[in-house]
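Q: Structure file target-v2.cif (mmCIF, C-alpha atoms (C1' of nucleotides)) right here:
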data_entry
loop_
_atom_site.group_PDB
_atom_site.id
_atom_site.type_symbol
_atom_site.label_atom_id
_atom_site.label_comp_id
_atom_site.auth_asym_id
_atom_site.auth_seq_id
_atom_site.Cartn_x
_atom_site.Cartn_y
_atom_site.Cartn_z
ATOM 1 C CA MET A 41 -27.344 51.606 -75.087
ATOM 2 C CA PRO A 42 -30.027 51.817 -77.643
ATOM 3 C CA GLU A 43 -29.808 50.870 -81.230
ATOM 4 C CA LEU A 44 -32.190 48.473 -82.894
ATOM 5 C CA GLY A 45 -31.127 45.445 -80.866
ATOM 6 C CA ASP A 46 -31.589 47.209 -77.547
ATOM 7 C CA ALA A 47 -34.990 48.504 -78.608
ATOM 8 C CA GLU A 48 -35.948 44.939 -79.513
ATOM 9 C CA GLY A 49 -34.965 43.849 -76.012
ATOM 10 C CA PHE A 50 -37.137 46.623 -74.549
ATOM 11 C CA ARG A 51 -39.995 45.464 -76.753
ATOM 12 C CA ARG A 52 -39.762 42.010 -75.240
ATOM 13 C CA SER A 53 -39.922 43.527 -71.759
ATOM 14 C CA ALA A 54 -43.035 45.445 -72.742
ATOM 15 C CA LEU A 55 -44.507 42.297 -74.281
ATOM 16 C CA ARG A 56 -44.374 40.588 -70.910
ATOM 17 C CA LEU A 57 -47.012 43.047 -69.722
ATOM 18 C CA ALA A 58 -49.288 42.715 -72.749
ATOM 19 C CA GLY A 59 -52.832 42.366 -71.441
ATOM 20 C CA ALA A 60 -51.998 43.986 -68.107
ATOM 21 C CA LEU A 61 -54.228 46.724 -66.724
ATOM 22 C CA ILE A 62 -52.618 50.108 -66.132
ATOM 23 C CA ALA A 63 -53.319 51.260 -62.593
ATOM 24 C CA ARG A 64 -51.060 54.283 -62.383
ATOM 25 C CA LEU A 65 -48.438 56.370 -64.074
ATOM 26 C CA GLU A 66 -45.553 57.887 -62.175
ATOM 27 C CA VAL A 67 -43.446 60.559 -63.830
ATOM 28 C CA PRO A 68 -40.475 61.580 -61.676
ATOM 29 C CA ASP A 69 -39.193 63.639 -64.613
ATOM 30 C CA PRO A 70 -42.056 65.324 -66.477
ATOM 31 C CA SER A 71 -39.673 66.737 -69.091
ATOM 32 C CA VAL A 72 -39.481 63.330 -70.785
ATOM 33 C CA VAL A 73 -43.110 63.587 -71.820
ATOM 34 C CA ARG A 74 -42.860 65.276 -75.155
ATOM 35 C CA ASN A 75 -46.096 66.226 -76.884
ATOM 36 C CA VAL A 76 -48.723 66.403 -74.116
ATOM 37 C CA ASP A 77 -48.667 67.298 -70.441
ATOM 38 C CA VAL A 78 -48.402 64.617 -67.801
ATOM 39 C CA ALA A 79 -52.026 64.974 -66.678
ATOM 40 C CA THR A 80 -53.235 64.378 -70.221
ATOM 41 C CA LEU A 81 -51.049 61.310 -70.535
ATOM 42 C CA GLN A 82 -52.353 59.994 -67.229
ATOM 43 C CA ARG A 83 -55.941 60.534 -68.270
ATOM 44 C CA ALA A 84 -55.317 58.801 -71.579
ATOM 45 C CA ILE A 85 -53.730 55.639 -70.258
ATOM 46 C CA ARG A 86 -55.001 55.008 -66.731
ATOM 47 C CA GLY A 87 -57.482 52.147 -66.707
ATOM 48 C CA SER A 88 -56.320 50.982 -70.156
ATOM 49 C CA VAL A 89 -54.978 47.593 -71.127
ATOM 50 C CA ILE A 90 -51.476 47.305 -72.572
ATOM 51 C CA GLY A 91 -51.327 45.816 -76.070
ATOM 52 C CA SER A 92 -48.518 44.111 -77.950
ATOM 53 C CA ALA A 93 -45.584 46.472 -78.364
ATOM 54 C CA CYS A 94 -44.070 47.041 -81.802
ATOM 55 C CA ARG A 95 -40.690 48.372 -82.711
ATOM 56 C CA HIS A 96 -39.719 50.438 -85.718
ATOM 57 C CA GLY A 97 -36.026 51.163 -85.923
ATOM 58 C CA LYS A 98 -34.954 52.398 -82.494
ATOM 59 C CA CYS A 99 -38.483 53.432 -81.635
ATOM 60 C CA LEU A 100 -40.911 51.505 -79.424
ATOM 61 C CA LEU A 101 -44.665 51.736 -79.849
ATOM 62 C CA ILE A 102 -46.857 50.477 -77.018
ATOM 63 C CA PRO A 103 -50.618 50.291 -77.614
ATOM 64 C CA VAL A 104 -52.525 51.390 -74.508
ATOM 65 C CA GLY A 105 -56.284 51.151 -74.812
ATOM 66 C CA THR A 106 -57.179 53.069 -77.957
ATOM 67 C CA SER A 107 -53.981 55.153 -77.906
ATOM 68 C CA TRP A 108 -50.269 54.517 -78.302
ATOM 69 C CA MET A 109 -47.239 55.495 -76.291
ATOM 70 C CA LEU A 110 -44.169 56.105 -78.357
ATOM 71 C CA LEU A 111 -40.808 55.722 -76.626
ATOM 72 C CA ARG A 112 -37.420 56.901 -77.837
ATOM 73 C CA PHE A 113 -34.379 56.051 -75.786
ATOM 74 C CA GLY A 114 -31.692 58.531 -76.783
ATOM 75 C CA MET A 115 -28.192 57.371 -75.900
ATOM 76 C CA THR A 116 -28.715 56.050 -72.399
ATOM 77 C CA GLY A 117 -32.390 55.190 -72.070
ATOM 78 C CA SER A 118 -33.709 51.738 -71.290
ATOM 79 C CA LEU A 119 -37.016 50.137 -70.467
ATOM 80 C CA ILE A 120 -36.923 47.885 -67.429
ATOM 81 C CA LEU A 121 -39.531 45.358 -66.440
ATOM 82 C CA ASP A 122 -39.888 45.518 -62.668
ATOM 83 C CA GLU A 123 -42.048 42.717 -61.337
ATOM 84 C CA THR A 124 -40.609 42.613 -57.845
ATOM 85 C CA GLY A 125 -39.917 46.234 -56.934
ATOM 86 C CA ASN A 126 -36.249 45.365 -56.473
ATOM 87 C CA VAL A 127 -35.018 47.322 -59.470
ATOM 88 C CA SER A 128 -32.803 50.367 -58.954
ATOM 89 C CA ARG A 129 -34.775 53.594 -59.276
ATOM 90 C CA ARG A 130 -31.784 55.734 -60.120
ATOM 91 C CA PHE A 131 -32.463 57.870 -63.216
ATOM 92 C CA GLU A 132 -36.058 56.690 -63.341
ATOM 93 C CA ARG A 133 -37.985 59.095 -65.588
ATOM 94 C CA LEU A 134 -41.396 57.493 -66.079
ATOM 95 C CA SER A 135 -43.016 54.332 -64.752
ATOM 96 C CA ILE A 136 -46.161 52.553 -65.849
ATOM 97 C CA GLY A 137 -47.739 50.575 -63.016
ATOM 98 C CA THR A 138 -49.961 47.607 -63.839
ATOM 99 C CA ASP A 139 -51.615 44.742 -62.010
ATOM 100 C CA ARG A 140 -48.652 42.577 -63.051
ATOM 101 C CA GLY A 141 -45.715 44.894 -62.402
ATOM 102 C CA TRP A 142 -43.983 48.060 -63.562
ATOM 103 C CA LEU A 143 -42.392 49.186 -66.766
ATOM 104 C CA ARG A 144 -39.786 51.802 -65.960
ATOM 105 C CA LEU A 145 -38.096 54.169 -68.363
ATOM 106 C CA VAL A 146 -34.621 54.734 -66.929
ATOM 107 C CA ASP A 147 -32.414 57.254 -68.694
ATOM 108 C CA ARG A 148 -29.258 58.726 -67.243
ATOM 109 C CA ARG A 149 -28.734 61.470 -69.798
ATOM 110 C CA ARG A 150 -32.389 62.279 -70.434
ATOM 111 C CA LEU A 151 -32.094 62.270 -74.191
ATOM 112 C CA GLY A 152 -34.969 59.814 -74.461
ATOM 113 C CA ASN A 153 -38.624 60.832 -74.498
ATOM 114 C CA VAL A 154 -42.204 59.662 -74.548
ATOM 115 C CA SER A 155 -45.054 60.829 -76.763
ATOM 116 C CA LEU A 156 -48.745 60.044 -76.863
ATOM 117 C CA ALA A 157 -50.702 59.342 -80.032
ATOM 118 C CA ARG A 158 -54.470 59.064 -79.804
ATOM 119 C CA THR A 159 -55.187 58.328 -83.451
ATOM 120 C CA GLU A 160 -53.548 56.376 -86.260
ATOM 121 C CA PRO A 161 -52.557 59.509 -88.197
ATOM 122 C CA GLU A 162 -51.072 60.991 -85.038
ATOM 123 C CA CYS A 163 -49.119 57.807 -84.628
ATOM 124 C CA ALA A 164 -47.865 57.939 -88.190
ATOM 125 C CA GLU A 165 -46.914 61.546 -87.685
ATOM 126 C CA LEU A 166 -44.850 60.758 -84.593
ATOM 127 C CA ILE A 167 -42.986 57.968 -86.311
ATOM 128 C CA GLY A 168 -42.486 60.568 -88.980
ATOM 129 C CA ALA A 169 -40.390 59.903 -91.989
ATOM 130 C CA LEU A 170 -38.568 56.875 -90.633
ATOM 131 C CA GLY A 171 -37.356 54.598 -93.386
ATOM 132 C CA PRO A 172 -37.965 50.847 -93.518
ATOM 133 C CA ASP A 173 -36.810 48.860 -90.493
ATOM 134 C CA ALA A 174 -33.234 47.611 -90.774
ATOM 135 C CA LEU A 175 -34.178 44.146 -89.550
ATOM 136 C CA ARG A 176 -36.841 43.517 -92.154
ATOM 137 C CA ILE A 177 -35.638 45.407 -95.210
ATOM 138 C CA GLY A 178 -35.074 43.317 -98.346
ATOM 139 C CA ASN A 179 -32.114 43.566 -100.665
ATOM 140 C CA PRO A 180 -33.532 45.670 -103.522
ATOM 141 C CA GLU A 181 -35.020 48.208 -101.148
ATOM 142 C CA PHE A 182 -31.867 48.287 -99.027
ATOM 143 C CA ILE A 183 -29.814 49.284 -102.050
ATOM 144 C CA ALA A 184 -32.425 51.718 -103.313
ATOM 145 C CA GLN A 185 -32.562 53.551 -99.971
ATOM 146 C CA LEU A 186 -28.800 53.968 -99.697
ATOM 147 C CA ARG A 187 -27.540 54.285 -103.245
ATOM 148 C CA SER A 188 -29.112 57.676 -103.849
ATOM 149 C CA SER A 189 -26.977 59.291 -101.149
ATOM 150 C CA ARG A 190 -24.202 61.568 -102.331
ATOM 151 C CA GLY A 191 -22.346 61.312 -99.030
ATOM 152 C CA SER A 192 -20.462 58.492 -97.334
ATOM 153 C CA ILE A 193 -21.993 55.051 -96.969
ATOM 154 C CA LYS A 194 -21.850 55.319 -93.190
ATOM 155 C CA SER A 195 -23.803 58.613 -93.129
ATOM 156 C CA ALA A 196 -26.431 57.057 -95.363
ATOM 157 C CA MET A 197 -26.721 53.971 -93.146
ATOM 158 C CA MET A 198 -27.198 56.069 -90.016
ATOM 159 C CA ASP A 199 -29.804 58.293 -91.685
ATOM 160 C CA GLN A 200 -33.034 57.117 -90.028
ATOM 161 C CA GLN A 201 -35.083 58.474 -92.907
ATOM 162 C CA ARG A 202 -33.361 56.096 -95.289
ATOM 163 C CA ILE A 203 -33.265 53.022 -93.022
ATOM 164 C CA ALA A 204 -34.432 52.979 -89.409
ATOM 165 C CA GLY A 205 -32.447 51.316 -86.646
ATOM 166 C CA ILE A 206 -28.742 51.525 -87.474
ATOM 167 C CA GLY A 207 -26.625 53.718 -85.180
ATOM 168 C CA ASN A 208 -22.966 54.569 -84.793
ATOM 169 C CA PHE A 209 -21.828 51.255 -83.295
ATOM 170 C CA GLY A 210 -24.039 49.213 -85.573
ATOM 171 C CA SER A 211 -22.863 50.864 -88.768
ATOM 172 C CA ASP A 212 -19.208 50.375 -87.820
ATOM 173 C CA GLU A 213 -19.875 46.726 -86.995
ATOM 174 C CA ILE A 214 -21.663 46.158 -90.300
ATOM 175 C CA LEU A 215 -19.074 47.969 -92.420
ATOM 176 C CA TRP A 216 -16.266 46.072 -90.737
ATOM 177 C CA ARG A 217 -17.942 42.755 -91.543
ATOM 178 C CA ALA A 218 -18.676 43.854 -95.105
ATOM 179 C CA ARG A 219 -15.071 45.069 -95.465
ATOM 180 C CA ILE A 220 -16.069 48.539 -96.593
ATOM 181 C CA ARG A 221 -14.603 51.784 -95.255
ATOM 182 C CA PRO A 222 -17.039 54.057 -93.472
ATOM 183 C CA ASP A 223 -16.034 57.038 -95.589
ATOM 184 C CA ALA A 224 -16.504 55.264 -98.928
ATOM 185 C CA PRO A 225 -18.979 57.253 -101.040
ATOM 186 C CA ALA A 226 -22.302 55.393 -101.168
ATOM 187 C CA ALA A 227 -22.348 55.874 -104.904
ATOM 188 C CA SER A 228 -19.018 54.067 -105.295
ATOM 189 C CA LEU A 229 -20.062 50.611 -104.054
ATOM 190 C CA SER A 230 -19.871 47.701 -106.478
ATOM 191 C CA PRO A 231 -22.764 45.222 -106.838
ATOM 192 C CA ALA A 232 -20.757 42.700 -104.837
ATOM 193 C CA GLN A 233 -20.238 45.265 -102.079
ATOM 194 C CA TRP A 234 -23.952 46.023 -101.938
ATOM 195 C CA THR A 235 -24.652 42.344 -101.528
ATOM 196 C CA SER A 236 -22.174 41.884 -98.716
ATOM 197 C CA LEU A 237 -23.300 45.106 -97.041
ATOM 198 C CA HIS A 238 -26.893 43.966 -96.952
ATOM 199 C CA ARG A 239 -25.894 40.506 -95.799
ATOM 200 C CA ALA A 240 -23.796 41.981 -92.973
ATOM 201 C CA THR A 241 -26.642 44.308 -92.010
ATOM 202 C CA ARG A 242 -29.095 41.444 -91.754
ATOM 203 C CA SER A 243 -26.704 39.348 -89.767
ATOM 204 C CA VAL A 244 -25.740 42.104 -87.312
ATOM 205 C CA MET A 245 -29.344 43.232 -86.873
ATOM 206 C CA HIS A 246 -30.567 39.676 -86.317
ATOM 207 C CA LEU A 247 -27.877 38.875 -83.793
ATOM 208 C CA THR A 248 -28.338 42.112 -81.858
ATOM 209 C CA ALA A 249 -32.124 41.775 -81.901
ATOM 210 C CA ARG A 250 -31.946 38.212 -80.685
ATOM 211 C CA ALA A 251 -29.562 39.182 -77.892
ATOM 212 C CA GLY A 252 -31.561 42.297 -77.039
ATOM 213 C CA HIS A 253 -28.346 44.323 -77.081
ATOM 214 C CA THR A 254 -25.127 44.548 -79.071
ATOM 215 C CA PRO A 255 -23.101 41.416 -78.327
ATOM 216 C CA ARG A 256 -19.585 41.933 -77.006
ATOM 217 C CA GLY A 257 -18.144 38.607 -78.054
ATOM 218 C CA ARG A 258 -14.653 38.079 -79.477
ATOM 219 C CA THR A 259 -15.883 38.301 -83.058
ATOM 220 C CA TRP A 260 -17.420 41.740 -82.581
ATOM 221 C CA LEU A 261 -15.763 45.039 -83.291
ATOM 222 C CA THR A 262 -17.980 46.462 -80.555
ATOM 223 C CA SER A 263 -16.057 44.416 -77.997
ATOM 224 C CA VAL A 264 -12.858 46.398 -78.569
ATOM 225 C CA ARG A 265 -13.876 49.752 -79.997
ATOM 226 C CA GLU A 266 -13.652 51.647 -76.733
ATOM 227 C CA ASP A 267 -9.980 50.789 -76.297
ATOM 228 C CA SER A 268 -8.025 53.446 -78.182
ATOM 229 C CA ARG A 269 -5.165 51.061 -78.953
ATOM 230 C CA ALA A 270 -7.374 48.147 -79.920
ATOM 231 C CA LEU A 271 -6.427 45.584 -82.551
ATOM 232 C CA CYS A 272 -8.756 44.234 -85.223
ATOM 233 C CA PRO A 273 -10.457 41.102 -83.811
ATOM 234 C CA ARG A 274 -10.060 39.486 -87.238
ATOM 235 C CA CYS A 275 -6.519 40.292 -88.362
ATOM 236 C CA SER A 276 -4.910 42.017 -85.337
ATOM 237 C CA THR A 277 -4.002 45.137 -87.271
ATOM 238 C CA CYS A 278 -4.152 48.329 -85.238
ATOM 239 C CA LEU A 279 -7.621 49.833 -85.724
ATOM 240 C CA CYS A 280 -8.074 53.328 -87.167
ATOM 241 C CA ARG A 281 -10.369 56.039 -85.902
ATOM 242 C CA SER A 282 -11.821 58.855 -87.933
ATOM 243 C CA GLU A 283 -14.789 61.143 -87.820
ATOM 244 C CA VAL A 284 -17.739 60.583 -90.140
ATOM 245 C CA ASN A 285 -20.822 62.719 -89.752
ATOM 246 C CA GLY A 286 -19.549 64.072 -86.461
ATOM 247 C CA ARG A 287 -19.324 60.624 -84.887
ATOM 248 C CA THR A 288 -16.274 58.523 -84.159
ATOM 249 C CA SER A 289 -15.832 55.655 -86.587
ATOM 250 C CA VAL A 290 -13.645 52.660 -85.874
ATOM 251 C CA TRP A 291 -12.368 50.585 -88.778
ATOM 252 C CA CYS A 292 -9.559 48.275 -89.825
ATOM 253 C CA PRO A 293 -7.187 49.599 -92.498
ATOM 254 C CA GLU A 294 -6.339 46.039 -93.518
ATOM 255 C CA CYS A 295 -9.801 44.445 -93.620
ATOM 256 C CA GLN A 296 -11.453 47.552 -95.025
ATOM 257 C CA PRO A 297 -9.216 48.621 -97.914
ATOM 258 C CA PRO A 298 -9.678 51.867 -99.885
ATOM 259 C CA SER A 299 -12.316 51.356 -102.551
ATOM 260 C CA SER A 300 -9.744 51.578 -105.346
ATOM 261 C CA LEU A 301 -8.069 48.472 -103.965
ATOM 262 C CA ALA A 302 -11.227 46.489 -103.286
ATOM 263 C CA THR A 303 -10.795 43.205 -105.039
ATOM 264 C CA ARG A 304 -14.110 41.572 -104.418
ATOM 265 C CA ALA A 305 -16.394 42.360 -101.555
ATOM 266 C "C1'" DG B 163 -9.772 68.369 -64.955
ATOM 267 C "C1'" DA B 164 -10.366 67.227 -69.840
ATOM 268 C "C1'" DG B 165 -12.334 64.692 -73.200
ATOM 269 C "C1'" DG B 166 -15.441 61.318 -74.787
ATOM 270 C "C1'" DT B 167 -20.234 59.138 -75.220
ATOM 271 C "C1'" DT B 168 -24.769 53.323 -78.767
ATOM 272 C "C1'" DG B 169 -29.276 59.872 -80.467
ATOM 273 C "C1'" DT B 170 -31.953 63.599 -82.314
ATOM 274 C "C1'" DT B 171 -32.992 68.241 -83.495
ATOM 275 C "C1'" DT B 172 -31.919 72.721 -84.968
ATOM 276 C "C1'" DA B 173 -29.621 76.430 -87.399
ATOM 277 C "C1'" DG B 174 -26.514 77.686 -90.647
ATOM 278 C "C1'" DA B 175 -22.905 76.955 -94.100
ATOM 279 C "C1'" DA B 176 -21.210 74.813 -98.359
ATOM 280 C "C1'" DC C 74 -32.380 70.471 -102.637
ATOM 281 C "C1'" DT C 75 -28.719 67.730 -100.309
ATOM 282 C "C1'" DT C 76 -25.072 67.286 -97.193
ATOM 283 C "C1'" DC C 77 -22.216 68.496 -93.539
ATOM 284 C "C1'" DT C 78 -21.013 71.019 -89.158
ATOM 285 C "C1'" DA C 79 -21.628 72.572 -84.615
ATOM 286 C "C1'" DA C 80 -24.256 73.031 -80.754
ATOM 287 C "C1'" DA C 81 -27.511 71.721 -77.415
ATOM 288 C "C1'" DC C 82 -29.637 68.482 -74.515
ATOM 289 C "C1'" DA C 83 -27.304 65.995 -69.510
ATOM 290 C "C1'" DA C 84 -24.563 63.213 -66.577
ATOM 291 C "C1'" DC C 85 -21.592 59.972 -66.248
ATOM 292 C "C1'" DC C 86 -16.936 57.402 -67.260
ATOM 293 C "C1'" DT C 87 -12.011 56.999 -68.273
#
What does this structure look like when you write it as structure tokens?
A:
Amino acid sequence: MPELGDAEGFRRSALRLAGALIARLEVPDPSVVRNVDVATLQRAIRGSVIGSACRHGKCLLIPVGTSWMLLRFGMTGSLILDETGNVSRRFERLSIGTDRGWLRLVDRRRLGNVSLARTEPECAELIGALGPDALRIGNPEFIAQLRSSRGSIKSAMMDQQRIAGIGNFGSDEILWRARIRPDAPAASLSPAQWTSLHRATRSVMHLTARAGHTPRGRTWLTSVREDSRALCPRCSTCLCRSEVNGRTSVWCPECQPPSSLATRA
DNA sequence: GAGGTTGTTTAGAA
DNA sequence: CTTCTAAACAACCT
């Protein structure tokens, strides 16, 4: 599930419990707790009040008392608000119980994890070298972060140290809208292509963030990418698949012409 | 049964 | 130094 839009949806779930008092922490799978042991985490957060969650890229930061919990979701993680106790507990890894309900980290493949930061520097360290958030980045910085890459534009876009929040589906969606091939060298983009790439990024990030997940509507590449014989939702040409950076890319040979043939952008 | 998967980290090669 | 590759993590789906 999780790219930026999904993480934004999880943030809104966490926001519903802002101000709630943490009564208990249940950790059915202790291996998801990354940098401290479960007892330490329990000691740090029990009796604390949940603050307003922030998101940076695909990463969720929940203030708890004077500390922060940092959640990463991997490929299959999600954060579920459970106010009624009726939510499925399958693949539940960690649950925060409050006076107003539960926040449950559910993660089938267990590639997600949770860390605890007790100080601001510790927090900064955990977020690490993440680049600016893809939803908020402005045009000059967007270009500056990507243009210096010597590899393909898609690799650069998915590099969380350059820009945080864009994943495999998101980058394909953006490149398709901007009419740029995923394997185009970042250094080869024209000024017009940079403009349309940033515009497409903003639009895709805004729409996914608003939805809280990647939309699957008729005008989205995401809606058809899993079908190996899918046609381009825009021009009905048979979509191409290739590997960029070890991940499957889906693109339209008609809408996304080779850079030498790019007329405008 | 085989192959694929919205992420990240690591080691090693180019 | 930068970039790319493969593997590992794990468990499901087609």
Q: Excluding same-chain residues fewer than 4 positions from range 252-255 of chain A, what lies within 10 Å of it counting all atoms listed in the file, as a list of chain:residue names?
A: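 Neighbouring residues, sequence-local ones excluded: A:Met41, A:Pro42, A:Glu43, A:Leu44, A:Gly45, A:Asp46, A:Ala47, A:Glu48, A:Gly49, A:Phe50, A:Arg51, A:Arg52, A:Ser53, A:Phe209, A:Gly210, A:Glu213, A:Val244, A:Met245, A:His246, A:Leu247, A:Thr248, A:Thr259, A:Trp260, A:Leu261, A:Thr262, A:Ser263, B:DT168.
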Q: When you get a sec, could you note down which chain A residues fall within 7 Å of chain C, using only C-alpha atoms (C1' of nucleotides), as an MDAnalysis selection string?
A: chainID A and resid 148:151 191
Q: Can you tell me which residues surround Thr106 in chain A at a distance of at most 10 Å, considering only C-alpha atoms (C1' of nucleotides), apart from same-chain residues fewer than 4 positions away, and format the answer as number ranges by chain?
A: A: 84-85, 88-91, 157-160
Q: Write the selection just made, keeping C-alpha atoms, as a compact mmCIF listing (two decimals), in the coordinates of the input?
A:
# COMPACT_ATOMS: atom_id res chain seq x y z
CA ALA A 84 -55.32 58.80 -71.58
CA ILE A 85 -53.73 55.64 -70.26
CA SER A 88 -56.32 50.98 -70.16
CA VAL A 89 -54.98 47.59 -71.13
CA ILE A 90 -51.48 47.30 -72.57
CA GLY A 91 -51.33 45.82 -76.07
CA ALA A 157 -50.70 59.34 -80.03
CA ARG A 158 -54.47 59.06 -79.80
CA THR A 159 -55.19 58.33 -83.45
CA GLU A 160 -53.55 56.38 -86.26
Q: What is the CA of Trp108 in chain A to CA of Arg56 in chain A distance in Å?
A: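 Distance between the two atoms: 16.8 Å.
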Q: To one decimal place in Å, what is the distance between CA of Ala174 in chain A and CA of Gly97 in chain A?
A: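 Result for CA of Ala174 in chain A versus CA of Gly97 in chain A: 6.6 Å, one decimal.
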Q: Identify, on the basis of all atoms listed in the file, every residue whose closest approach to Ile203 in chain A does not exceed 9 Å; exclude the query and any residue fewer than 4 positions from it along the same chain; express the result as a VMD selection string.
A: chain A and resid 97 170 to 174 177 182 185 to 186 196 to 199
Q: Mind rebuilding range 223-241 of chain A with N, CA and C atoms and writing that out as a compact mmCIF listing (two decimals), in the coordinates of the input?
A:
# COMPACT_ATOMS: atom_id res chain seq x y z
N ASP A 223 -15.99 55.80 -94.80
CA ASP A 223 -16.03 57.04 -95.59
C ASP A 223 -16.14 56.79 -97.09
N ALA A 224 -16.31 55.54 -97.51
CA ALA A 224 -16.50 55.26 -98.93
C ALA A 224 -17.78 55.95 -99.40
N PRO A 225 -17.74 56.65 -100.54
CA PRO A 225 -18.98 57.25 -101.04
C PRO A 225 -20.01 56.17 -101.35
N ALA A 226 -21.25 56.40 -100.94
CA ALA A 226 -22.30 55.39 -101.17
C ALA A 226 -22.41 55.06 -102.65
N ALA A 227 -22.19 56.07 -103.46
CA ALA A 227 -22.35 55.87 -104.90
C ALA A 227 -21.23 55.03 -105.51
N SER A 228 -20.17 54.77 -104.72
CA SER A 228 -19.02 54.07 -105.30
C SER A 228 -19.07 52.56 -105.10
N LEU A 229 -20.07 52.04 -104.38
CA LEU A 229 -20.06 50.61 -104.05
C LEU A 229 -20.37 49.75 -105.28
N SER A 230 -19.64 48.65 -105.39
CA SER A 230 -19.87 47.70 -106.48
C SER A 230 -21.06 46.83 -106.12
N PRO A 231 -21.65 46.15 -107.12
CA PRO A 231 -22.76 45.22 -106.84
C PRO A 231 -22.39 44.20 -105.77
N ALA A 232 -21.17 43.69 -105.84
CA ALA A 232 -20.76 42.70 -104.84
C ALA A 232 -20.71 43.33 -103.45
N GLN A 233 -20.29 44.58 -103.37
CA GLN A 233 -20.24 45.26 -102.08
C GLN A 233 -21.64 45.51 -101.53
N TRP A 234 -22.57 45.84 -102.40
CA TRP A 234 -23.95 46.02 -101.94
C TRP A 234 -24.50 44.73 -101.34
N THR A 235 -24.18 43.64 -102.01
CA THR A 235 -24.65 42.34 -101.53
C THR A 235 -24.07 42.04 -100.16
N SER A 236 -22.76 42.24 -100.01
CA SER A 236 -22.17 41.88 -98.72
C SER A 236 -22.60 42.87 -97.64
N LEU A 237 -22.85 44.12 -98.03
CA LEU A 237 -23.30 45.11 -97.04
C LEU A 237 -24.69 44.74 -96.51
N HIS A 238 -25.55 44.34 -97.40
CA HIS A 238 -26.89 43.97 -96.95
C HIS A 238 -26.85 42.69 -96.12
N ARG A 239 -26.02 41.76 -96.54
CA ARG A 239 -25.89 40.51 -95.80
C ARG A 239 -25.37 40.79 -94.38
N ALA A 240 -24.36 41.65 -94.29
CA ALA A 240 -23.80 41.98 -92.97
C ALA A 240 -24.82 42.72 -92.12
N THR A 241 -25.60 43.57 -92.75
CA THR A 241 -26.64 44.31 -92.01
C THR A 241 -27.65 43.34 -91.41
